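J.: Pasting a structure here, questions to come.
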Amino acid sequence: MTDGPLAPIDTALGKPSELCWLQVTSDNSLVLATNFGYGTVSTYRLVDGRLSLLQDPANKAIPGDGTFRAVNGLVSSGPSDSWLTPDDQYFYQIFGNAQVLVSYRLDKTSGRLTEIGRNPIPYNSTQGLAGF
């Protein structure tokens with residue numbers, strides 16, 4: 001990557017968002033960024049080492065249980081670790097404060113994430129995410 005202009009997300013809900021995790025597609029064309037404070041994921045196009053915002057948010061916000069507030073003061077679902085399949089078709093995101101692992105289909109053209117499944121996880125206990 002090279003230095004370039006900032007590619008900010010929409011921070012109208014409050015700052016900062018606490019970026020938690022990044023995934024890069026296998027062809028280095030797309031970056032998925034987890035926004036801990038907002039309970040969302042943003043996607044960026046990566047061309048010649050420069051980022052441009054593609055979708056913000058790329059998924060529907062996942063609500064938390066109402067007890068946890070992020071640094072920006074918003075109630076958060078606590079999205080943390082994520083995983084992108086090697087074929088770049090599926091993206092998995094942990095939402096610890098919502099007690100759920102959400103599965104998405106990734107549209108690499110638009111950068112949108114379409115929810116395709118949910119699996120319950122223990123409250124705020126899951127750390128790390130890996131696949132094969």
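Residues in the structure tokens are named by chain (A, B, ... in the order shown) and by number from 1 within that chain; ligands are numbered from 1 in the order shown.
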Which polymer residues have any atom within 7 Å of an atom of A:Leu30, counting only C-alpha atoms, with same-chain residues fewer than 4 positions away left out, as a PyMOL selection string?

T.: chain A and resi 24-25+43-46

J.: Which residues of stretch 59-114 of chain A have any atom within 8 Å of an atom in stretch 6-14 of chain A when counting only C-alpha atoms, and what is the closest pair of atoms for each, with the distance in Å to one decimal? Order the rows by chain and rising number and write it as JSON lines.

T.:
```
{"residue": "A:Asn72", "atom": "CA", "partner": "A:Gly14", "partner_atom": "CA", "distance": 5.6}
{"residue": "A:Gly73", "atom": "CA", "partner": "A:Gly14", "partner_atom": "CA", "distance": 7.5}
{"residue": "A:Leu74", "atom": "CA", "partner": "A:Gly14", "partner_atom": "CA", "distance": 7.5}
```

J.: Apply DSSP to the structure's backbone, then extract all residues of chain A labelled strand (DSSP E or B) and return them as an mmCIF file with N, CA and C atoms, in the first residue's frame.

T.:
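Output contents, as saved in selection-v2.cif:
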```cif
data_model
loop_
_atom_site.group_PDB
_atom_site.id
_atom_site.type_symbol
_atom_site.label_atom_id
_atom_site.label_comp_id
_atom_site.auth_asym_id
_atom_site.auth_seq_id
_atom_site.Cartn_x
_atom_site.Cartn_y
_atom_site.Cartn_z
ATOM 1 N N LEU A 19 -11.907 0.584 15.025
ATOM 2 C CA LEU A 19 -11.674 -0.435 14.014
ATOM 3 C C LEU A 19 -11.061 -1.647 14.705
ATOM 4 N N CYS A 20 -11.634 -2.813 14.487
ATOM 5 C CA CYS A 20 -11.194 -3.990 15.227
ATOM 6 C C CYS A 20 -10.463 -5.022 14.381
ATOM 7 N N TRP A 21 -10.876 -5.254 13.148
ATOM 8 C CA TRP A 21 -10.298 -6.337 12.382
ATOM 9 C C TRP A 21 -10.388 -6.024 10.905
ATOM 10 N N LEU A 22 -9.406 -6.458 10.125
ATOM 11 C CA LEU A 22 -9.402 -6.272 8.670
ATOM 12 C C LEU A 22 -9.261 -7.609 7.974
ATOM 13 N N GLN A 23 -9.954 -7.761 6.857
ATOM 14 C CA GLN A 23 -9.785 -8.909 5.977
ATOM 15 C C GLN A 23 -9.535 -8.363 4.578
ATOM 16 N N VAL A 24 -8.615 -8.974 3.856
ATOM 17 C CA VAL A 24 -8.289 -8.558 2.490
ATOM 18 C C VAL A 24 -8.563 -9.734 1.568
ATOM 19 N N LEU A 30 -10.148 -5.849 -2.383
ATOM 20 C CA LEU A 30 -11.186 -5.409 -1.454
ATOM 21 C C LEU A 30 -10.702 -5.595 -0.028
ATOM 22 N N VAL A 31 -11.033 -4.629 0.839
ATOM 23 C CA VAL A 31 -10.725 -4.714 2.256
ATOM 24 C C VAL A 31 -12.035 -4.627 3.023
ATOM 25 N N LEU A 32 -12.241 -5.536 3.984
ATOM 26 C CA LEU A 32 -13.409 -5.518 4.853
ATOM 27 C C LEU A 32 -12.932 -5.090 6.232
ATOM 28 N N ALA A 33 -13.536 -4.049 6.790
ATOM 29 C CA ALA A 33 -13.105 -3.477 8.066
ATOM 30 C C ALA A 33 -14.245 -3.533 9.078
ATOM 31 N N THR A 34 -13.997 -4.165 10.214
ATOM 32 C CA THR A 34 -14.993 -4.280 11.280
ATOM 33 C C THR A 34 -15.006 -3.004 12.110
ATOM 34 N N ASN A 35 -16.180 -2.399 12.255
ATOM 35 C CA ASN A 35 -16.362 -1.176 13.035
ATOM 36 C C ASN A 35 -16.980 -1.543 14.377
ATOM 37 N N THR A 40 -20.974 -2.794 12.682
ATOM 38 C CA THR A 40 -21.058 -2.943 11.231
ATOM 39 C C THR A 40 -19.699 -3.304 10.637
ATOM 40 N N VAL A 41 -19.729 -3.547 9.331
ATOM 41 C CA VAL A 41 -18.519 -3.779 8.545
ATOM 42 C C VAL A 41 -18.564 -2.817 7.371
ATOM 43 N N SER A 42 -17.443 -2.194 7.065
ATOM 44 C CA SER A 42 -17.320 -1.335 5.882
ATOM 45 C C SER A 42 -16.422 -2.037 4.880
ATOM 46 N N THR A 43 -16.680 -1.814 3.593
ATOM 47 C CA THR A 43 -15.805 -2.368 2.563
ATOM 48 C C THR A 43 -15.154 -1.242 1.784
ATOM 49 N N TYR A 44 -13.910 -1.510 1.409
ATOM 50 C CA TYR A 44 -13.107 -0.549 0.658
ATOM 51 C C TYR A 44 -12.577 -1.223 -0.598
ATOM 52 N N ARG A 45 -12.502 -0.485 -1.683
ATOM 53 C CA ARG A 45 -11.846 -0.944 -2.902
ATOM 54 C C ARG A 45 -10.372 -0.570 -2.762
ATOM 55 N N LEU A 46 -9.498 -1.477 -3.146
ATOM 56 C CA LEU A 46 -8.057 -1.246 -3.092
ATOM 57 C C LEU A 46 -7.508 -1.308 -4.516
ATOM 58 N N VAL A 47 -7.062 -0.163 -5.028
ATOM 59 C CA VAL A 47 -6.526 -0.078 -6.388
ATOM 60 C C VAL A 47 -5.191 0.665 -6.333
ATOM 61 N N ARG A 50 -4.189 2.174 -3.051
ATOM 62 C CA ARG A 50 -4.997 3.245 -2.459
ATOM 63 C C ARG A 50 -6.406 2.739 -2.169
ATOM 64 N N LEU A 51 -6.917 3.119 -1.004
ATOM 65 C CA LEU A 51 -8.256 2.725 -0.582
ATOM 66 C C LEU A 51 -9.293 3.759 -0.976
ATOM 67 N N SER A 52 -10.470 3.279 -1.364
ATOM 68 C CA SER A 52 -11.635 4.148 -1.529
ATOM 69 C C SER A 52 -12.824 3.412 -0.927
ATOM 70 N N LEU A 53 -13.671 4.146 -0.246
ATOM 71 C CA LEU A 53 -14.822 3.553 0.425
ATOM 72 C C LEU A 53 -15.786 2.986 -0.605
ATOM 73 N N LEU A 54 -16.221 1.741 -0.387
ATOM 74 C CA LEU A 54 -17.142 1.083 -1.302
ATOM 75 C C LEU A 54 -18.546 1.019 -0.695
ATOM 76 N N GLN A 55 -18.683 0.377 0.476
ATOM 77 C CA GLN A 55 -19.969 0.280 1.173
ATOM 78 C C GLN A 55 -19.779 0.606 2.649
ATOM 79 N N ARG A 69 -21.355 -0.397 26.013
ATOM 80 C CA ARG A 69 -21.146 0.807 25.206
ATOM 81 C C ARG A 69 -19.705 0.856 24.756
ATOM 82 N N VAL A 75 -24.313 2.028 22.179
ATOM 83 C CA VAL A 75 -24.518 0.625 22.526
ATOM 84 C C VAL A 75 -24.004 -0.197 21.348
ATOM 85 N N PRO A 79 -18.660 -6.321 17.621
ATOM 86 C CA PRO A 79 -18.039 -7.137 16.588
ATOM 87 C C PRO A 79 -16.525 -7.125 16.742
ATOM 88 N N SER A 80 -15.947 -8.298 16.663
ATOM 89 C CA SER A 80 -14.495 -8.379 16.843
ATOM 90 C C SER A 80 -13.900 -9.181 15.699
ATOM 91 N N ASP A 81 -13.471 -10.377 15.965
ATOM 92 C CA ASP A 81 -12.762 -11.162 14.966
ATOM 93 C C ASP A 81 -13.671 -11.559 13.804
ATOM 94 N N SER A 82 -13.034 -11.701 12.631
ATOM 95 C CA SER A 82 -13.756 -12.100 11.434
ATOM 96 C C SER A 82 -12.891 -13.035 10.611
ATOM 97 N N TRP A 83 -13.503 -13.652 9.610
ATOM 98 C CA TRP A 83 -12.779 -14.548 8.709
ATOM 99 C C TRP A 83 -13.423 -14.495 7.336
ATOM 100 N N LEU A 84 -12.601 -14.457 6.308
ATOM 101 C CA LEU A 84 -13.023 -14.470 4.922
ATOM 102 C C LEU A 84 -12.543 -15.772 4.292
ATOM 103 N N TYR A 90 -17.461 -15.951 1.149
ATOM 104 C CA TYR A 90 -18.178 -15.908 2.420
ATOM 105 C C TYR A 90 -17.333 -15.215 3.494
ATOM 106 N N PHE A 91 -18.019 -14.455 4.320
ATOM 107 C CA PHE A 91 -17.394 -13.668 5.383
ATOM 108 C C PHE A 91 -18.122 -13.997 6.684
ATOM 109 N N TYR A 92 -17.375 -14.231 7.736
ATOM 110 C CA TYR A 92 -17.934 -14.582 9.044
ATOM 111 C C TYR A 92 -17.494 -13.543 10.060
ATOM 112 N N GLN A 93 -18.440 -13.046 10.858
ATOM 113 C CA GLN A 93 -18.155 -11.982 11.816
ATOM 114 C C GLN A 93 -18.706 -12.354 13.192
ATOM 115 N N ILE A 94 -17.846 -12.264 14.220
ATOM 116 C CA ILE A 94 -18.268 -12.477 15.605
ATOM 117 C C ILE A 94 -18.878 -11.187 16.133
ATOM 118 N N PHE A 95 -20.055 -11.290 16.754
ATOM 119 C CA PHE A 95 -20.698 -10.182 17.464
ATOM 120 C C PHE A 95 -20.900 -10.654 18.903
ATOM 121 N N VAL A 100 -23.638 -13.913 18.861
ATOM 122 C CA VAL A 100 -23.899 -14.523 17.565
ATOM 123 C C VAL A 100 -22.681 -14.428 16.641
ATOM 124 N N LEU A 101 -22.504 -15.476 15.841
ATOM 125 C CA LEU A 101 -21.568 -15.482 14.722
ATOM 126 C C LEU A 101 -22.431 -15.387 13.474
ATOM 127 N N VAL A 102 -22.238 -14.340 12.684
ATOM 128 C CA VAL A 102 -23.071 -14.118 11.502
ATOM 129 C C VAL A 102 -22.280 -14.481 10.249
ATOM 130 N N SER A 103 -22.941 -15.203 9.352
ATOM 131 C CA SER A 103 -22.366 -15.609 8.071
ATOM 132 C C SER A 103 -22.940 -14.721 6.975
ATOM 133 N N TYR A 104 -22.070 -14.283 6.078
ATOM 134 C CA TYR A 104 -22.479 -13.412 4.976
ATOM 135 C C TYR A 104 -21.960 -13.952 3.650
ATOM 136 N N ARG A 105 -22.665 -13.630 2.589
ATOM 137 C CA ARG A 105 -22.155 -13.821 1.228
ATOM 138 C C ARG A 105 -21.610 -12.461 0.793
ATOM 139 N N LEU A 106 -20.407 -12.449 0.257
ATOM 140 C CA LEU A 106 -19.767 -11.211 -0.183
ATOM 141 C C LEU A 106 -19.956 -11.025 -1.680
ATOM 142 N N LEU A 113 -22.522 -7.111 1.860
ATOM 143 C CA LEU A 113 -22.582 -8.375 2.576
ATOM 144 C C LEU A 113 -24.055 -8.742 2.761
ATOM 145 N N THR A 114 -24.432 -9.928 2.321
ATOM 146 C CA THR A 114 -25.797 -10.420 2.480
ATOM 147 C C THR A 114 -25.788 -11.507 3.533
ATOM 148 N N GLU A 115 -26.546 -11.308 4.598
ATOM 149 C CA GLU A 115 -26.586 -12.289 5.677
ATOM 150 C C GLU A 115 -27.205 -13.586 5.183
ATOM 151 N N ILE A 116 -26.532 -14.713 5.491
ATOM 152 C CA ILE A 116 -27.049 -16.017 5.091
ATOM 153 C C ILE A 116 -27.213 -16.975 6.269
ATOM 154 N N GLY A 117 -26.762 -16.578 7.462
ATOM 155 C CA GLY A 117 -26.920 -17.461 8.614
ATOM 156 C C GLY A 117 -26.427 -16.839 9.902
ATOM 157 N N ARG A 118 -26.916 -17.415 11.005
ATOM 158 C CA ARG A 118 -26.501 -17.007 12.359
ATOM 159 C C ARG A 118 -26.314 -18.239 13.210
ATOM 160 N N ASN A 119 -25.251 -18.215 14.017
ATOM 161 C CA ASN A 119 -25.002 -19.290 14.963
ATOM 162 C C ASN A 119 -24.776 -18.682 16.331
ATOM 163 N N PRO A 120 -25.436 -19.222 17.359
ATOM 164 C CA PRO A 120 -25.240 -18.689 18.710
ATOM 165 C C PRO A 120 -23.832 -18.988 19.219
#
```

J.: Using only C-alpha atoms, pick whichever of A:Asn28, A:Gly4, A:Ala58, A:Glu18 has the shortest atom-to-atom distance to A:Gly111.

T.: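 So, comparing all the options, the nearest one is A:Ala58.
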
J.: What's the 7 Å shell around stretch 60-64 of chain A, counting only C-alpha atoms, without same-chain residues fewer than 3 positions away, as a list in words?

T.: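 Result of the neighbour search: Gly39, Thr40, Val75, Ser76, Ser77, Asn97 and Ala98 of chain A.
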
J.: Keeping N, CA, C and O atoms for every residue in the selection just given, could you write it to a file as a compact mmCIF listing (two decimals), in the first residue's frame?

T.:
```
# COMPACT_ATOMS: atom_id res chain seq x y z
N GLY A 39 -21.13 -1.76 15.22
CA GLY A 39 -21.75 -3.06 14.97
C GLY A 39 -21.91 -3.34 13.49
O GLY A 39 -22.84 -4.02 13.08
N THR A 40 -20.97 -2.79 12.68
CA THR A 40 -21.06 -2.94 11.23
C THR A 40 -19.70 -3.30 10.64
O THR A 40 -18.68 -3.30 11.33
N VAL A 75 -24.31 2.03 22.18
CA VAL A 75 -24.52 0.63 22.53
C VAL A 75 -24.00 -0.20 21.35
O VAL A 75 -24.33 0.08 20.19
N SER A 76 -23.17 -1.19 21.62
CA SER A 76 -22.52 -1.96 20.55
C SER A 76 -22.77 -3.45 20.71
O SER A 76 -22.90 -3.95 21.83
N SER A 77 -22.80 -4.14 19.59
CA SER A 77 -22.89 -5.60 19.59
C SER A 77 -21.50 -6.22 19.73
O SER A 77 -21.36 -7.43 19.80
N ASN A 97 -21.25 -9.29 21.94
CA ASN A 97 -22.28 -8.76 22.83
C ASN A 97 -23.69 -9.10 22.35
O ASN A 97 -24.65 -8.95 23.08
N ALA A 98 -23.81 -9.59 21.13
CA ALA A 98 -25.09 -10.06 20.61
C ALA A 98 -25.17 -11.59 20.66
O ALA A 98 -26.17 -12.16 20.26
```

J.: Suppose you want the space between atom CA of A:Gly49 and atom CA of A:Gly128; what is it in Å?

T.: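 About the pair atom CA of A:Gly49 and atom CA of A:Gly128: they are 27.4 Å apart.
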